[in-house]
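File shown: final10.txt (compact mmCIF, C-alpha atoms).
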# COMPACT_ATOMS: atom_id res chain seq x y z
CA MET G 143 -70.23 -77.58 3.40
CA SER G 144 -73.48 -78.72 5.01
CA PRO G 145 -73.65 -80.41 8.44
CA ALA G 146 -74.57 -83.67 6.70
CA GLU G 147 -71.52 -83.43 4.46
CA ILE G 148 -69.28 -82.69 7.44
CA THR G 149 -70.65 -85.77 9.21
CA HIS G 150 -70.01 -87.84 6.09
CA TRP G 151 -66.42 -86.68 5.73
CA ASN G 152 -65.67 -87.13 9.42
CA HIS G 153 -66.73 -90.75 9.02
CA SER G 154 -65.04 -91.29 5.65
CA LEU G 155 -61.70 -89.74 6.61
CA ARG G 156 -61.47 -91.38 10.04
CA ALA G 157 -59.29 -94.23 8.73
CA GLU G 158 -57.13 -92.06 6.46
CA THR G 159 -53.61 -90.92 7.25
CA PRO G 160 -52.95 -87.34 8.38
CA ARG G 161 -51.19 -86.76 5.03
CA ALA G 162 -54.29 -87.92 3.13
CA ILE G 163 -56.53 -85.72 5.29
CA MET G 164 -54.23 -82.76 4.68
CA ALA G 165 -54.35 -83.34 0.92
CA TRP G 166 -58.14 -83.66 1.00
CA ALA G 167 -58.50 -80.42 2.98
CA ILE G 168 -56.25 -78.38 0.72
CA ALA G 169 -58.11 -79.70 -2.31
CA GLN G 170 -61.37 -78.29 -0.87
CA ALA G 171 -59.90 -74.82 -0.41
CA ALA G 172 -59.65 -73.60 -4.02
CA GLY G 173 -56.28 -72.06 -3.24
CA ARG G 174 -57.43 -70.48 0.02
CA ALA G 175 -56.12 -72.81 2.71
CA ILE G 176 -54.05 -71.65 5.66
CA VAL G 177 -52.41 -73.44 8.57
CA SER G 178 -52.13 -71.81 11.97
CA THR G 179 -49.42 -72.43 14.51
CA ASN G 180 -48.14 -71.24 17.85
CA PHE G 181 -44.92 -73.33 17.66
CA ARG G 182 -45.87 -75.37 20.72
CA PRO G 183 -44.66 -78.97 21.19
CA TYR G 184 -45.25 -81.20 18.15
CA GLU G 185 -46.41 -78.28 15.93
CA ALA G 186 -43.62 -79.11 13.48
CA ALA G 187 -45.70 -82.12 12.39
CA ILE G 188 -48.68 -80.11 11.07
CA LEU G 189 -46.36 -77.59 9.40
CA HIS G 190 -44.33 -80.31 7.70
CA LEU G 191 -47.50 -82.03 6.47
CA ALA G 192 -48.88 -78.77 5.10
CA VAL G 193 -45.81 -77.78 3.10
CA GLN G 194 -45.51 -81.28 1.63
CA VAL G 195 -48.92 -80.76 0.02
CA GLN G 196 -48.71 -77.00 -0.65
CA PRO G 197 -45.21 -75.55 -0.20
CA ASP G 198 -46.37 -71.92 -0.19
CA ILE G 199 -49.35 -72.35 2.12
CA PRO G 200 -49.73 -69.28 4.38
CA VAL G 201 -48.77 -70.05 7.98
CA LEU G 202 -50.61 -67.78 10.42
CA TRP G 203 -48.81 -67.08 13.69
CA VAL G 204 -49.99 -64.65 16.34
CA ASP G 205 -46.93 -63.57 18.29
CA HIS G 206 -48.46 -62.13 21.46
CA GLY G 207 -45.03 -61.03 22.68
CA TYR G 208 -44.81 -63.35 25.67
CA ASN G 209 -43.12 -66.33 24.04
CA ARG G 210 -40.00 -67.67 25.67
CA PRO G 211 -36.64 -67.47 23.86
CA ALA G 212 -36.72 -71.17 22.99
CA THR G 213 -40.05 -70.74 21.18
CA TYR G 214 -38.73 -67.87 19.06
CA GLN G 215 -35.62 -69.90 18.25
CA HIS G 216 -37.78 -72.90 17.34
CA ALA G 217 -39.96 -70.74 15.07
CA GLU G 218 -36.92 -69.45 13.20
CA ALA G 219 -35.43 -72.93 12.87
CA LEU G 220 -38.67 -74.30 11.38
CA ARG G 221 -39.08 -71.30 9.11
CA ALA G 222 -35.64 -72.03 7.64
CA GLN G 223 -35.94 -75.83 7.53
CA LEU G 224 -39.41 -75.94 5.96
CA GLY G 225 -39.34 -72.69 3.98
CA LEU G 226 -42.45 -71.50 5.78
CA ASN G 227 -44.55 -68.75 4.22
CA LEU G 228 -44.97 -67.26 7.67
CA LYS G 229 -47.60 -64.56 8.19
CA THR G 230 -47.02 -63.09 11.64
CA TYR G 231 -49.60 -60.88 13.33
CA PHE G 232 -49.01 -58.88 16.48
CA PRO G 233 -51.36 -57.35 19.06
CA LEU G 234 -52.04 -53.62 18.85
CA LEU G 235 -50.17 -53.29 22.17
CA SER G 236 -46.67 -54.58 22.84
CA ALA G 237 -46.16 -56.87 25.82
CA ALA G 238 -44.44 -54.05 27.74
CA HIS G 239 -47.28 -51.64 26.97
CA ARG G 240 -49.92 -54.16 28.08
CA ASP G 241 -48.08 -54.88 31.32
CA ALA G 242 -47.71 -51.17 32.09
CA VAL G 243 -51.42 -50.51 31.53
CA HIS G 244 -53.03 -53.74 32.75
CA GLY G 245 -50.49 -55.12 35.22
CA PRO G 246 -48.94 -58.59 35.50
CA LEU G 247 -50.15 -61.62 33.61
CA PRO G 248 -53.43 -62.92 35.08
CA ALA G 249 -53.30 -65.83 37.48
CA LEU G 250 -54.71 -69.26 36.65
CA THR G 251 -57.67 -68.57 38.94
CA ASP G 252 -58.50 -65.24 37.25
CA GLU G 253 -60.88 -66.45 34.53
CA ALA G 254 -62.04 -62.96 33.57
CA GLY G 255 -58.46 -61.70 33.42
CA LEU G 256 -57.36 -64.63 31.25
CA LYS G 257 -60.21 -64.02 28.80
CA SER G 258 -59.43 -60.32 28.69
CA PHE G 259 -55.76 -61.04 28.01
CA SER G 260 -56.63 -63.56 25.30
CA THR G 261 -59.04 -61.16 23.58
CA LEU G 262 -56.54 -58.30 23.51
CA MET G 263 -53.29 -60.14 22.79
CA LYS G 264 -54.37 -63.19 20.81
CA LEU G 265 -57.92 -63.17 19.46
CA GLU G 266 -57.86 -59.65 17.99
CA PRO G 267 -54.64 -60.15 15.98
CA PHE G 268 -55.79 -63.63 14.95
CA GLN G 269 -59.08 -62.25 13.65
CA ARG G 270 -57.15 -59.54 11.80
CA GLY G 271 -55.00 -62.24 10.22
CA LEU G 272 -58.02 -64.32 9.21
CA ARG G 273 -59.66 -61.30 7.61
CA ALA G 274 -56.51 -60.51 5.62
CA LEU G 275 -55.87 -64.09 4.50
CA ALA G 276 -59.59 -64.93 4.01
CA PRO G 277 -59.25 -68.73 4.08
CA THR G 278 -61.99 -71.16 3.16
CA VAL G 279 -60.09 -73.94 4.96
CA TRP G 280 -58.22 -73.47 8.25
CA LEU G 281 -55.82 -76.28 9.16
CA THR G 282 -54.91 -76.74 12.81
CA ALA G 283 -52.96 -79.09 15.06
CA LEU G 284 -55.89 -79.71 17.45
CA ARG G 285 -55.95 -83.20 18.93
CA GLN G 286 -58.57 -85.17 20.84
CA THR G 287 -56.28 -85.78 23.82
CA GLN G 288 -55.26 -82.17 24.47
CA ASN G 289 -58.10 -81.11 26.78
CA PRO G 290 -61.74 -81.94 27.60
CA HIS G 291 -63.15 -79.39 25.15
CA ARG G 292 -61.15 -80.77 22.23
CA ALA G 293 -62.15 -84.33 23.09
CA GLY G 294 -65.64 -83.40 21.88
CA LEU G 295 -64.47 -82.15 18.48
CA ASP G 296 -63.64 -84.12 15.32
CA LEU G 297 -61.46 -84.06 12.22
CA ILE G 298 -63.64 -81.50 10.45
CA SER G 299 -66.01 -78.79 11.63
CA PHE G 300 -67.35 -75.46 10.49
CA GLU G 301 -65.77 -72.69 12.54
CA PRO G 302 -68.41 -70.00 13.17
CA ASN G 303 -65.90 -67.72 14.90
CA PHE G 304 -64.05 -67.26 11.61
CA SER G 305 -66.44 -68.62 8.92
CA ALA G 306 -64.07 -71.31 7.66
CA LEU G 307 -63.95 -75.09 7.44
CA LYS G 308 -61.59 -76.18 10.20
CA VAL G 309 -59.64 -79.39 9.60
CA ASN G 310 -57.44 -81.14 12.18
CA PRO G 311 -55.41 -83.82 10.32
CA TRP G 312 -53.64 -85.07 13.47
CA PHE G 313 -56.84 -85.14 15.55
CA TYR G 314 -56.61 -88.81 16.57
CA ALA G 315 -52.82 -88.91 16.92
CA THR G 316 -51.06 -89.63 20.21
CA ASP G 317 -47.90 -88.02 21.52
CA ALA G 318 -46.07 -91.20 20.53
CA ASP G 319 -47.40 -90.92 16.96
CA LEU G 320 -46.16 -87.36 16.69
CA ALA G 321 -42.80 -88.11 18.29
CA ALA G 322 -42.28 -90.88 15.75
CA TYR G 323 -43.23 -88.55 12.89
CA LEU G 324 -40.79 -85.88 14.06
CA ALA G 325 -38.02 -88.47 14.37
CA THR G 326 -38.71 -89.92 10.92
CA HIS G 327 -38.56 -86.51 9.26
CA GLN G 328 -35.77 -85.10 11.45
CA LEU G 329 -37.94 -82.28 12.74
CA PRO G 330 -37.21 -80.34 15.94
CA ASN G 331 -39.53 -80.11 18.92
CA GLU G 332 -40.02 -77.37 21.52
CA TRP G 333 -40.68 -78.06 25.20
CA ASP G 334 -40.36 -74.60 26.77
CA TYR G 335 -43.59 -73.28 25.27
CA PHE G 336 -45.99 -71.33 27.49
CA ASP G 337 -49.23 -69.62 26.51
CA PRO G 338 -50.31 -66.96 29.03
CA ALA G 339 -53.71 -66.78 27.33
CA LYS G 340 -54.45 -70.30 28.55
CA ALA G 341 -52.34 -70.60 31.71
CA ASP G 342 -52.75 -74.38 31.65
CA GLU G 343 -53.52 -77.07 29.08
CA LYS G 344 -57.09 -77.68 30.25
CA ARG G 345 -58.33 -74.24 29.18
CA GLU G 346 -59.13 -72.78 25.77
CA CYS G 347 -57.79 -69.36 24.81
CA GLY G 348 -60.89 -68.55 22.74
CA LEU G 349 -59.71 -69.42 19.24
CA HIS G 350 -61.49 -72.77 19.44
CA ALA G 351 -64.25 -71.98 21.95
CA ALA G 352 -67.61 -70.26 21.57
CA TRP G 353 -66.79 -67.46 24.02
CA GLY G 354 -64.12 -66.19 21.62
CA LYS G 355 -66.62 -64.92 19.07
CA ALA G 356 -68.61 -63.08 21.73
CA ALA G 357 -65.41 -61.49 23.06
CA LEU G 358 -64.44 -60.27 19.60
CA THR G 359 -67.82 -58.70 18.90
CA ALA G 360 -68.32 -57.13 22.33
Kindly present the structure from the file in structure tokens form.
Amino acid sequence: MSPAEITHWNHSLRAETPRAIMAWAIAQAAGRAIVSTNFRPYEAAILHLAVQVQPDIPVLWVDHGYNRPATYQHAEALRAQLGLNLKTYFPLLSAAHRDAVHGPLPALTDEAGLKSFSTLMKLEPFQRGLRALAPTVWLTALRQTQNPHRAGLDLISFEPNFSALKVNPWFYATDADLAAYLATHQLPNEWDYFDPAKADEKRECGLHAAWGKAALTA
């Protein structure tokens, strides 16, 4: 899809519902759409939308090994409730192996350490998953309000890191919108989520930032 076409569709789909955007995106994929998740708060909304349109859509999850028990329990509950076609990818090192070799999780102020952790434990297995699944459309739960970087994105973009059209059906949704959606569809939420590759919500782990591609090819 050309830049001009992406601009057109960002404008045309702006007033559509997330369900309509999801249906449009999957229709562009010629059977090669995926949705990614980390089972963070409100992720049930994107997963529910996806399986309403394509019940067997592959769901890519990188389990870096540092999730809290509540996140694993949430993932299993959603897998059962929604019948998720979950494709789980793991780092080449276990969490215990990484800690033994590289030490404790990097601190919030250790930018180089956070990027190194993300590359090893999240970006590499994610890239492996993208290569195996080979999507033409990658559906995500990115939203404008999540951090300053994401505020500059849009519903649709071409993702050079992974050579796919990236579509964010809930991009303009608020927390209240998502809470209402979860309540309407009786979907669970998860509040104990923590991503050590980001350390706080204002950072990017590299999946959606330009430095991620450089880290993967270094």
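What separates CA of His244 (chain G) from CA of Thr213 (chain G) is a distance of 24.3 Å.
Residue nearest Asp337 (chain G) within the list G:Gln215, G:Ala238, G:Tyr231, G:Lys264: G:Lys264 [criterion: smallest interatomic distance, all atoms listed in the file].
The gap separating CA of Met263 (chain G) from CA of Glu301 (chain G) is 20.5 Å, in Å to one decimal.
For the residues G:Ala172, G:Ala167, G:Ala186, G:Leu226, ranking by smallest atom-to-atom distance to Asp198 (chain G) using all atoms listed in the file places G:Leu226 first.
Ranking G:Leu329, G:Leu272, G:Ala187, G:Ile199 by their shortest atom-to-atom distance to Ser305 (chain G), with all atoms listed in the file included, puts G:Leu272 first.
Distance check against Ala321 (chain G) using all atoms listed in the file: of G:Pro248, G:Gly225, G:Gly207, G:Pro183, the minimum falls on G:Pro183.
Closest approach to Pro277 (chain G) among G:Ala249, G:Ala306, G:Ala219, G:Leu234: G:Ala306, based on all atoms listed in the file.
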Task: Gap from CA of His327 (chain G) to CA of Pro197 (chain G) - Å, one decimal - done: 15.9 Å
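Of the residues listed (G:Ala212, G:Val279, G:Ala322, G:Ala315), G:Ala212 shows the shortest atom-to-atom separation from Asp334 (chain G); distances use only C-alpha atoms.
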TODO: Would you list the contacts of Val195 (chain G) as an MDAnalysis selection string, taking every protein, DNA or RNA residue within 10 Å and counting all atoms listed in the file, but skipping same-chain residues closer than 2 positions in sequence?
DONE: chainID G and resid 161:162 164:166 168:169 190:193 197:199
How would the residues just picked look written out with C-alpha atoms as a PDB file, in the frame of the given file?
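So the final result, stored in result16.pdb, reads:
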ATOM      1  CA  ARG G 161     -51.190 -86.760   5.030  1.00  0.00           C
ATOM      2  CA  ALA G 162     -54.290 -87.920   3.130  1.00  0.00           C
ATOM      3  CA  MET G 164     -54.230 -82.760   4.680  1.00  0.00           C
ATOM      4  CA  ALA G 165     -54.350 -83.340   0.920  1.00  0.00           C
ATOM      5  CA  TRP G 166     -58.140 -83.660   1.000  1.00  0.00           C
ATOM      6  CA  ILE G 168     -56.250 -78.380   0.720  1.00  0.00           C
ATOM      7  CA  ALA G 169     -58.110 -79.700  -2.310  1.00  0.00           C
ATOM      8  CA  HIS G 190     -44.330 -80.310   7.700  1.00  0.00           C
ATOM      9  CA  LEU G 191     -47.500 -82.030   6.470  1.00  0.00           C
ATOM     10  CA  ALA G 192     -48.880 -78.770   5.100  1.00  0.00           C
ATOM     11  CA  VAL G 193     -45.810 -77.780   3.100  1.00  0.00           C
ATOM     12  CA  PRO G 197     -45.210 -75.550  -0.200  1.00  0.00           C
ATOM     13  CA  ASP G 198     -46.370 -71.920  -0.190  1.00  0.00           C
ATOM     14  CA  ILE G 199     -49.350 -72.350   2.120  1.00  0.00           C
TER      15      ILE G 199
END
Open item on the list: Taking (-54.8, -65.3, 26.3) in the coordinates of the supplied file, I want to know which residues reach to within 7 Å of it, counting all atoms listed in the file; could you give the answer as a PyMOL selection string?
Closed with: chain G and resi 256-257+259-261+263-264+338-340+347
Open item on the list: Within 6 Å of (-55.5, -62.2, 13.9) (file coordinates; only C-alpha atoms), which protein or nucleic acid residues are there? I'd like them as a PyMOL selection string.
Closed with: chain G and resi 266-272
